[in-house]
$ cat data14.txt   # compact mmCIF, C-alpha atoms
# COMPACT_ATOMS: atom_id res chain seq x y z
CA MET A 118 -11.96 -23.06 -1.93
CA GLY A 119 -12.39 -21.68 1.62
CA ARG A 120 -15.74 -21.22 3.32
CA GLY A 121 -15.34 -17.44 3.30
CA MET A 122 -14.83 -17.33 -0.46
CA MET A 123 -17.73 -19.74 -1.04
CA GLY A 124 -19.95 -17.56 1.15
CA LEU A 125 -18.96 -14.42 -0.75
CA LEU A 126 -19.63 -16.11 -4.09
CA GLY A 127 -23.01 -17.20 -2.81
CA ILE A 128 -23.89 -13.64 -1.81
CA LEU A 129 -22.75 -12.28 -5.17
CA SER A 130 -24.82 -14.92 -6.94
CA LEU A 131 -27.80 -13.90 -4.86
CA GLY A 132 -27.18 -10.27 -5.83
CA LEU A 133 -27.12 -11.26 -9.49
CA ALA A 134 -30.40 -13.09 -9.09
CA LEU A 135 -31.94 -10.04 -7.41
CA ALA A 136 -30.71 -7.83 -10.24
CA GLN A 137 -32.54 -10.04 -12.72
CA ALA A 138 -35.75 -10.16 -10.68
CA PRO A 139 -38.36 -7.38 -10.57
CA CYS A 140 -38.24 -5.15 -7.49
CA GLU A 141 -41.49 -4.00 -5.92
CA GLY A 142 -39.85 -1.36 -3.79
CA THR A 143 -36.48 0.44 -3.83
CA ARG A 144 -33.66 -1.13 -5.82
CA VAL A 145 -30.29 -0.24 -4.29
CA VAL A 146 -27.10 -0.73 -6.30
CA HIS A 147 -23.89 -0.80 -4.26
CA ASP A 148 -20.29 -1.95 -4.56
CA PHE A 149 -21.10 -5.61 -3.87
CA GLY A 150 -24.31 -6.02 -5.85
CA GLU A 151 -27.93 -4.97 -5.52
CA LEU A 152 -30.70 -5.09 -2.94
CA CYS A 153 -34.45 -4.78 -3.23
CA LEU A 154 -35.95 -3.02 -0.22
CA LYS A 155 -39.71 -3.49 -0.05
CA ALA A 156 -40.10 -0.67 2.50
CA PRO A 157 -37.86 1.97 4.09
CA PRO A 158 -35.85 0.26 6.85
CA SER A 159 -36.44 1.36 10.42
CA ARG A 160 -33.60 -0.49 12.18
CA ILE A 161 -30.42 0.76 10.50
CA VAL A 162 -26.86 0.22 11.68
CA VAL A 163 -24.20 2.50 10.15
CA LEU A 164 -20.52 1.60 10.15
CA ASP A 165 -19.00 4.84 8.87
CA TRP A 166 -19.32 8.54 9.68
CA ARG A 167 -20.52 9.43 6.16
CA PRO A 168 -23.83 7.50 6.29
CA LEU A 169 -24.26 8.51 9.93
CA GLU A 170 -23.95 12.19 8.98
CA ASP A 171 -26.32 11.71 6.06
CA LEU A 172 -29.03 10.01 8.12
CA LEU A 173 -28.84 12.63 10.88
CA LEU A 174 -29.19 15.42 8.28
CA LEU A 175 -32.30 13.68 7.01
CA GLY A 176 -33.72 13.46 10.53
CA VAL A 177 -33.25 9.69 10.83
CA THR A 178 -31.69 8.22 13.97
CA PRO A 179 -29.94 4.91 13.32
CA LEU A 180 -30.27 1.99 15.69
CA GLY A 181 -26.50 1.63 16.06
CA ALA A 182 -23.31 3.21 14.74
CA ALA A 183 -19.56 2.70 14.80
CA ASP A 184 -16.86 4.95 16.25
CA LEU A 185 -19.25 7.28 18.06
CA ALA A 186 -16.90 8.89 20.58
CA ASP A 187 -15.12 11.25 18.15
CA PHE A 188 -18.00 11.82 15.72
CA PRO A 189 -19.44 15.05 17.25
CA ARG A 190 -16.03 16.72 17.46
CA TRP A 191 -15.15 16.09 13.81
CA VAL A 192 -18.51 16.11 12.02
CA LYS A 193 -19.97 18.93 14.14
CA LEU A 194 -23.35 17.27 14.63
CA THR A 195 -25.01 16.39 17.93
CA LEU A 196 -25.73 12.71 18.38
CA PRO A 197 -29.31 11.92 19.40
CA PRO A 198 -29.61 9.73 22.52
CA GLY A 199 -30.10 6.02 22.22
CA ILE A 200 -27.70 5.10 19.40
CA ALA A 201 -25.95 1.85 20.31
CA HIS A 202 -22.18 1.71 19.87
CA VAL A 203 -21.09 -1.16 17.62
CA GLY A 204 -17.33 -0.85 17.88
CA GLU A 205 -14.92 1.00 15.63
CA ARG A 206 -15.24 1.62 11.92
CA LEU A 207 -12.43 -0.86 11.38
CA PRO A 208 -13.20 -3.51 12.46
CA PRO A 209 -16.89 -3.35 13.44
CA ASN A 210 -18.14 -5.51 16.29
CA LEU A 211 -20.17 -8.18 14.51
CA GLU A 212 -21.63 -9.58 17.73
CA ARG A 213 -23.02 -6.21 18.83
CA ILE A 214 -24.47 -5.62 15.39
CA ALA A 215 -26.18 -9.02 15.38
CA LEU A 216 -27.70 -8.42 18.82
CA LEU A 217 -29.42 -5.27 17.51
CA GLN A 218 -31.21 -7.28 14.79
CA PRO A 219 -31.00 -4.53 12.15
CA ASP A 220 -32.96 -4.64 8.91
CA LEU A 221 -30.19 -2.76 7.04
CA ILE A 222 -26.46 -2.12 7.44
CA LEU A 223 -24.76 0.85 5.74
CA GLY A 224 -21.00 1.25 5.46
CA TYR A 225 -17.86 2.10 3.52
CA SER A 226 -16.46 -0.55 1.19
CA GLY A 227 -12.91 0.65 1.85
CA PHE A 228 -13.16 -0.24 5.55
CA GLN A 229 -15.86 -2.89 5.85
CA GLY A 230 -15.60 -4.54 2.43
CA LYS A 231 -13.68 -7.55 3.71
CA HIS A 232 -16.47 -8.17 6.22
CA PHE A 233 -19.26 -8.00 3.64
CA ALA A 234 -20.06 -11.71 3.73
CA GLU A 235 -20.34 -11.74 7.53
CA LEU A 236 -22.36 -8.53 7.63
CA SER A 237 -24.75 -9.78 4.96
CA ARG A 238 -25.52 -12.85 7.04
CA ILE A 239 -26.73 -10.48 9.79
CA ALA A 240 -28.83 -8.16 7.60
CA PRO A 241 -29.01 -6.74 4.07
CA THR A 242 -25.83 -4.70 3.67
CA VAL A 243 -25.04 -1.71 1.44
CA LEU A 244 -21.35 -0.75 1.18
CA LEU A 245 -20.28 2.23 -0.93
CA ASP A 246 -16.91 3.68 -1.93
CA TYR A 247 -17.11 7.11 -0.32
CA LEU A 248 -13.62 8.10 -1.54
CA PRO A 249 -13.23 7.01 -5.18
CA PRO A 250 -10.02 7.95 -7.05
CA THR A 251 -11.76 10.84 -8.85
CA GLU A 252 -14.94 12.94 -8.67
CA GLN A 253 -15.38 12.57 -4.92
CA LEU A 254 -17.76 15.54 -4.75
CA ALA A 255 -20.10 13.93 -7.29
CA ALA A 256 -19.87 10.67 -5.33
CA MET A 257 -20.78 12.47 -2.10
CA ARG A 258 -23.88 13.93 -3.72
CA ARG A 259 -24.85 10.63 -5.31
CA HIS A 260 -24.45 8.67 -2.10
CA PHE A 261 -26.38 11.24 -0.08
CA LEU A 262 -29.32 10.98 -2.46
CA LEU A 263 -29.10 7.19 -2.32
CA HIS A 264 -29.21 7.24 1.49
CA ALA A 265 -32.19 9.61 1.26
CA ARG A 266 -33.97 7.28 -1.17
CA ILE A 267 -33.32 4.27 1.06
CA VAL A 268 -35.11 5.92 4.00
CA GLY A 269 -37.91 7.32 1.83
CA MET A 270 -36.70 10.95 1.97
CA GLU A 271 -35.39 11.59 -1.52
CA GLU A 272 -37.26 14.91 -1.82
CA LYS A 273 -35.73 16.20 1.41
CA GLY A 274 -32.31 15.00 0.31
CA ALA A 275 -32.59 16.88 -2.99
CA ARG A 276 -33.66 20.02 -1.11
CA LEU A 277 -30.67 19.83 1.23
CA LEU A 278 -28.28 19.48 -1.71
CA SER A 279 -29.91 22.47 -3.38
CA GLU A 280 -29.31 24.49 -0.22
CA LEU A 281 -25.64 23.49 -0.31
CA ASP A 282 -25.41 24.51 -3.96
CA ARG A 283 -26.91 27.94 -3.23
CA PHE A 284 -24.44 28.44 -0.40
CA LEU A 285 -21.51 27.56 -2.67
CA VAL A 286 -22.72 29.94 -5.39
CA GLN A 287 -23.16 32.78 -2.90
CA SER A 288 -19.71 32.14 -1.43
CA ARG A 289 -18.16 32.06 -4.91
CA GLU A 290 -19.77 35.40 -5.77
CA ALA A 291 -18.52 36.92 -2.51
CA LEU A 292 -14.95 35.81 -3.25
CA ARG A 293 -15.17 37.19 -6.78
CA ALA A 294 -16.44 40.51 -5.44
CA LYS A 295 -13.35 40.69 -3.21
CA GLY A 296 -11.07 40.02 -6.18
CA LEU A 297 -10.07 36.60 -4.86
CA ALA A 298 -11.31 34.46 -7.75
CA GLY A 299 -8.55 32.23 -9.05
CA SER A 300 -6.42 32.54 -5.90
CA PRO A 301 -3.99 29.59 -5.69
CA PHE A 302 -4.06 27.44 -2.58
CA PHE A 303 -2.65 24.35 -0.94
CA LEU A 304 -4.78 22.36 1.49
CA LEU A 305 -2.49 20.73 4.01
CA GLN A 306 -3.26 18.36 6.86
CA ALA A 307 -0.90 17.41 9.67
CA TRP A 308 -2.74 14.26 10.67
CA SER A 309 -0.61 12.09 12.98
CA ARG A 310 2.32 12.53 15.32
CA GLU A 311 4.71 11.73 12.50
CA ARG A 312 6.38 14.70 10.86
CA VAL A 313 4.55 13.91 7.64
CA TYR A 314 1.92 16.13 6.06
CA ASN A 315 -0.90 15.34 3.65
CA LEU A 316 -1.47 17.55 0.63
CA PHE A 317 -4.89 17.36 -1.01
CA THR A 318 -4.78 16.85 -4.76
CA ARG A 319 -7.47 18.12 -7.09
CA ASN A 320 -9.06 14.65 -6.97
CA THR A 321 -10.27 15.04 -3.40
CA LEU A 322 -13.64 16.11 -2.06
CA ALA A 323 -12.13 18.99 -0.08
CA SER A 324 -10.19 20.38 -3.04
CA GLU A 325 -13.21 20.10 -5.34
CA LEU A 326 -15.25 22.11 -2.85
CA LEU A 327 -12.66 24.88 -2.68
CA GLU A 328 -12.41 24.97 -6.45
CA GLN A 329 -16.20 25.32 -6.56
CA LEU A 330 -15.54 28.63 -4.78
CA GLY A 331 -13.33 29.76 -7.63
CA LEU A 332 -10.04 29.06 -5.84
CA ARG A 333 -7.31 27.09 -7.63
CA ASN A 334 -5.45 24.13 -6.20
CA ALA A 335 -1.78 24.81 -7.02
CA TRP A 336 -0.55 21.37 -5.97
CA GLU A 337 0.34 19.17 -8.95
CA GLY A 338 1.96 16.25 -7.16
CA LYS A 339 0.84 12.65 -7.62
CA ALA A 340 -1.85 11.24 -5.37
CA GLN A 341 -1.31 8.32 -3.07
CA ALA A 342 -4.09 6.87 -0.89
CA TYR A 343 -7.44 8.74 -0.84
CA GLY A 344 -6.17 11.33 -3.33
CA LEU A 345 -3.54 12.68 -0.94
CA SER A 346 0.18 13.35 -1.44
CA ARG A 347 2.60 13.16 1.45
CA ILE A 348 5.55 15.44 2.16
CA GLY A 349 7.99 15.82 5.03
CA PRO A 350 9.22 18.95 6.88
CA GLU A 351 11.82 19.83 4.26
CA GLY A 352 9.29 19.40 1.48
CA LEU A 353 6.83 21.65 3.30
CA VAL A 354 9.40 24.43 3.74
CA ARG A 355 10.39 24.14 0.08
CA LEU A 356 6.74 24.22 -0.97
CA VAL A 357 5.91 27.51 0.73
CA ARG A 358 9.29 29.03 -0.23
CA ASP A 359 8.82 28.23 -3.91
CA ASN A 360 5.22 29.48 -4.01
CA PRO A 361 5.23 33.03 -2.59
CA GLY A 362 1.76 34.43 -2.14
CA VAL A 363 -0.03 31.09 -2.27
CA ARG A 364 -2.67 30.50 0.39
CA VAL A 365 -1.96 27.48 2.60
CA PHE A 366 -5.02 26.19 4.45
CA LEU A 367 -3.59 24.16 7.30
CA ILE A 368 -5.43 21.59 9.43
CA ALA A 369 -2.92 20.80 12.16
CA GLN A 370 -3.28 18.59 15.21
CA PRO A 371 -1.87 19.91 18.52
CA ASP A 372 0.79 17.18 18.60
CA ASN A 373 1.81 17.72 14.98
CA ASN A 374 1.68 21.42 14.19
CA PRO A 375 4.55 22.44 11.89
CA PHE A 376 4.45 25.96 13.36
CA ALA A 377 5.37 24.48 16.74
CA ASP A 378 8.25 22.51 15.22
CA ARG A 379 11.49 24.23 16.23
CA ALA A 380 13.13 23.37 12.94
CA VAL A 381 10.20 24.06 10.62
CA GLY A 382 8.20 26.83 12.32
CA PRO A 383 10.71 29.69 11.95
CA LEU A 384 11.25 28.88 8.27
CA LEU A 385 7.51 28.88 7.62
CA ARG A 386 7.15 32.27 9.30
CA LEU A 387 9.88 33.71 7.09
CA SER A 388 8.10 32.60 3.91
CA GLN A 389 5.76 34.88 1.98
CA ALA A 390 2.98 32.29 1.87
CA ARG A 391 -0.34 33.20 3.44
CA ILE A 392 -0.88 30.42 5.95
CA HIS A 393 -4.44 30.09 7.28
CA LEU A 394 -5.01 27.87 10.29
CA LEU A 395 -8.29 25.95 10.17
CA ASP A 396 -10.00 24.15 13.04
CA PRO A 397 -7.83 21.11 13.93
CA ALA A 398 -10.99 18.97 13.80
CA THR A 399 -12.07 20.07 10.32
CA TRP A 400 -13.53 16.97 8.64
CA THR A 401 -12.69 16.70 4.95
CA TYR A 402 -14.34 13.37 4.11
CA GLY A 403 -17.99 13.89 5.08
CA GLY A 404 -21.37 14.65 3.53
CA PRO A 405 -23.23 17.91 2.80
CA HIS A 406 -23.00 19.23 6.37
CA SER A 407 -19.24 18.66 6.63
CA ALA A 408 -18.81 20.21 3.18
CA ARG A 409 -20.50 23.41 4.32
CA VAL A 410 -18.49 23.50 7.57
CA LEU A 411 -15.22 23.15 5.61
CA VAL A 412 -16.15 26.01 3.27
CA GLU A 413 -17.18 28.20 6.21
CA GLU A 414 -13.83 27.49 7.88
CA VAL A 415 -11.98 28.56 4.73
CA LEU A 416 -14.07 31.72 4.30
CA GLN A 417 -13.51 32.67 7.92
CA ALA A 418 -9.77 32.08 7.55
CA MET A 419 -9.79 34.44 4.57
CA ASN A 420 -11.64 37.06 6.62
CA MET A 421 -14.79 36.58 4.58
CA ARG A 422 -16.95 35.67 7.57
CA ARG A 423 -17.23 36.96 11.11
$ encode --input "data14.txt" --output "structure tokens"
Amino acid sequence: MGRGMMGLLGILSLGLALAQAPCEGTRVVHDFGELCLKAPPSRIVVLDWRPLEDLLLLGVTPLGAADLADFPRWVKLTLPPGIAHVGERLPPNLERIALLQPDLILGYSGFQGKHFAELSRIAPTVLLDYLPPTEQLAAMRRHFLLHARIVGMEEKGARLLSELDRFLVQSREALRAKGLAGSPFFLLQAWSRERVYNLFTRNTLASELLEQLGLRNAWEGKAQAYGLSRIGPEGLVRLVRDNPGVRVFLIAQPDNNPFADRAVGPLLRLSQARIHLLDPATWTYGGPHSARVLVEEVLQAMNMRR
């Protein structure tokens, strides 16, 4: 048995022991076991945009974070000064993290899970699956409240989620008043330079949010990674041709916009689909703030907001 596997087994055994022991503080259950935090941590390093967004919403500035350069453009939050950069989300820079001497590390099991043993030797580590196969909206809410509880701000976290809920209810009522309840949609993302497009299934956070508004996801294809289906240019043209009147919410990057494709663009324009262009940097995998921004983008695209 290799040292890495022995180390991981040791950490899991320690987690089991902690689970059996009383906790005089905050017990945190995560994908790799449990932790007992005697006090809210003050030196937190975050390795994914989701916990970074959550902490900033709660008014907590982490000691260090991963992949900082693009965060403000996608998540639409201003980064406070003084956050140390600890490399990319995959892989994180373990040496930089260790130099910061954190008392807690937060991250995403899908990206940092294979580094759990190494991270746990630096500091107590909590890794969560932010994009489970189903019920991603419920997971987002649950994880946000957990992050709030970790930093001793559970009441504020609950209040922020209540504000999001009120916003979703008001938006749903506005759509119903306009006669748009039940409108079918596709949510499409042209992510990379490849001529391949992601379609959001009903088992994605973004689709669940739009269905909370009373819209209906008309895509019934099978999900691949992260709850997404993938189609090519011909599949996209066929999709809008065979679904006249459907609303297509499109998040397209400048170097992969199907409307700019000489072969695809003219065919899309000839279709009867209502194609709504969203901000190219619309983030569909975030916390409560990103959820609200996504909904506002959709409402604006539907001429529901100025």
$ closest_residue --input "data14.txt" --among "A:Val415, A:Leu217, A:Ala369, A:Leu207" --to "Ser288 of chain A" --atoms "all atoms listed in the file"
A:Val415
$ closest_atom_pairs --input "data14.txt" --of "segment 145-185 of chain A" --to "segment 228-250 of chain A" --cutoff "12 Å" --atoms "all atoms listed in the file" --output "tab-separated table"
residue	atom	partner	partner_atom	distance
A:Val145	CA	A:Val243	CA	7.9
A:Val146	CA	A:Val243	CA	8.1
A:His147	CA	A:Leu245	CA	5.8
A:Asp148	CA	A:Leu245	CA	5.5
A:Phe149	CA	A:Leu244	CA	7.0
A:Gly150	CA	A:Val243	CA	8.5
A:Glu151	CA	A:Val243	CA	8.2
A:Leu152	CA	A:Pro241	CA	7.4
A:Cys153	CA	A:Pro241	CA	9.3
A:Leu154	CA	A:Pro241	CA	9.0
A:Lys155	CA	A:Pro241	CA	11.9
A:Pro158	CA	A:Pro241	CA	10.2
A:Arg160	CA	A:Ala240	CA	10.1
A:Ile161	CA	A:Ala240	CA	9.5
A:Val162	CA	A:Thr242	CA	9.5
A:Val163	CA	A:Val243	CA	9.7
A:Leu164	CA	A:Gln229	CA	7.8
A:Asp165	CA	A:Phe228	CA	8.4
A:Trp166	CA	A:Tyr247	CA	10.3
A:Arg167	CA	A:Tyr247	CA	7.7
A:Pro168	CA	A:Tyr247	CA	9.4
A:Ala183	CA	A:Gln229	CA	11.2
$ axis_aligned_box --input "data14.txt" --around "segment 250-261 of chain A" --padding-each-side "8 Å" --output "lines of an AutoDock Vina configuration file"
center_x = -18.2
center_y = 11.7
center_z = -4.5
size_x = 32.4
size_y = 23.6
size_z = 24.8
$ closest_residue --input "data14.txt" --among "A:Glu290, A:Glu205, A:Asp396, A:Asp359" --to "Pro371 of chain A" --atoms "all atoms listed in the file"
A:Asp396
$ closest_residue --input "data14.txt" --among "A:Pro209, A:Pro350, A:Pro189, A:Gly382" --to "Trp400 of chain A" --atoms "all atoms listed in the file"
A:Pro189
$ closest_residue --input "data14.txt" --among "A:Leu285, A:Val365, A:Val313, A:Leu353" --to "Asn334 of chain A" --atoms "all atoms listed in the file"
A:Val365
$ residues_around --input "data14.txt" --residues "Ala408 of chain A" --least-positions-apart "5" --cutoff "12 Å" --atoms "all atoms listed in the file" --output "mmCIF file with C-alpha atoms, keeping the file's coordinate frame"
data_model
loop_
_atom_site.group_PDB
_atom_site.id
_atom_site.type_symbol
_atom_site.label_atom_id
_atom_site.label_comp_id
_atom_site.auth_asym_id
_atom_site.auth_seq_id
_atom_site.Cartn_x
_atom_site.Cartn_y
_atom_site.Cartn_z
ATOM 1 C CA ARG A 167 -20.520 9.430 6.160
ATOM 2 C CA GLU A 170 -23.950 12.190 8.980
ATOM 3 C CA ASP A 171 -26.320 11.710 6.060
ATOM 4 C CA TRP A 191 -15.150 16.090 13.810
ATOM 5 C CA VAL A 192 -18.510 16.110 12.020
ATOM 6 C CA LYS A 193 -19.970 18.930 14.140
ATOM 7 C CA GLN A 253 -15.380 12.570 -4.920
ATOM 8 C CA LEU A 254 -17.760 15.540 -4.750
ATOM 9 C CA MET A 257 -20.780 12.470 -2.100
ATOM 10 C CA ARG A 258 -23.880 13.930 -3.720
ATOM 11 C CA LEU A 278 -28.280 19.480 -1.710
ATOM 12 C CA GLU A 280 -29.310 24.490 -0.220
ATOM 13 C CA LEU A 281 -25.640 23.490 -0.310
ATOM 14 C CA ASP A 282 -25.410 24.510 -3.960
ATOM 15 C CA PHE A 284 -24.440 28.440 -0.400
ATOM 16 C CA LEU A 285 -21.510 27.560 -2.670
ATOM 17 C CA THR A 321 -10.270 15.040 -3.400
ATOM 18 C CA LEU A 322 -13.640 16.110 -2.060
ATOM 19 C CA ALA A 323 -12.130 18.990 -0.080
ATOM 20 C CA SER A 324 -10.190 20.380 -3.040
ATOM 21 C CA GLU A 325 -13.210 20.100 -5.340
ATOM 22 C CA LEU A 326 -15.250 22.110 -2.850
ATOM 23 C CA LEU A 327 -12.660 24.880 -2.680
ATOM 24 C CA GLN A 329 -16.200 25.320 -6.560
ATOM 25 C CA THR A 399 -12.070 20.070 10.320
ATOM 26 C CA TRP A 400 -13.530 16.970 8.640
ATOM 27 C CA THR A 401 -12.690 16.700 4.950
ATOM 28 C CA TYR A 402 -14.340 13.370 4.110
ATOM 29 C CA GLY A 403 -17.990 13.890 5.080
ATOM 30 C CA GLU A 413 -17.180 28.200 6.210
ATOM 31 C CA GLU A 414 -13.830 27.490 7.880
ATOM 32 C CA VAL A 415 -11.980 28.560 4.730
#
$ atom_distance --input "data14.txt" --atom1 "atom CA of Leu221 of chain A" --atom2 "atom CA of Arg144 of chain A"
13.4 Å
$ closest_residue --input "data14.txt" --among "A:Arg358, A:His202, A:Lys273, A:Arg319" --to "Ser346 of chain A" --atoms "all atoms listed in the file"
A:Arg319
$ atom_distance --input "data14.txt" --atom1 "atom CA of Leu194 of chain A" --atom2 "atom CA of Asn374 of chain A"
25.4 Å
$ atom_distance --input "data14.txt" --atom1 "atom CA of Gly227 of chain A" --atom2 "atom CA of Gly142 of chain A"
27.6 Å
$ residues_near_point --input "data14.txt" --point "(-32.8, 16.5, 4.7)" --cutoff "9 Å" --atoms "all atoms listed in the file" --output "PyMOL selection string"
chain A and resi 171-176+265+270-278
$ closest_residue --input "data14.txt" --among "A:Gln370, A:Asn360, A:Gln218, A:Gln287" --to "Phe302 of chain A" --atoms "all atoms listed in the file"
A:Asn360
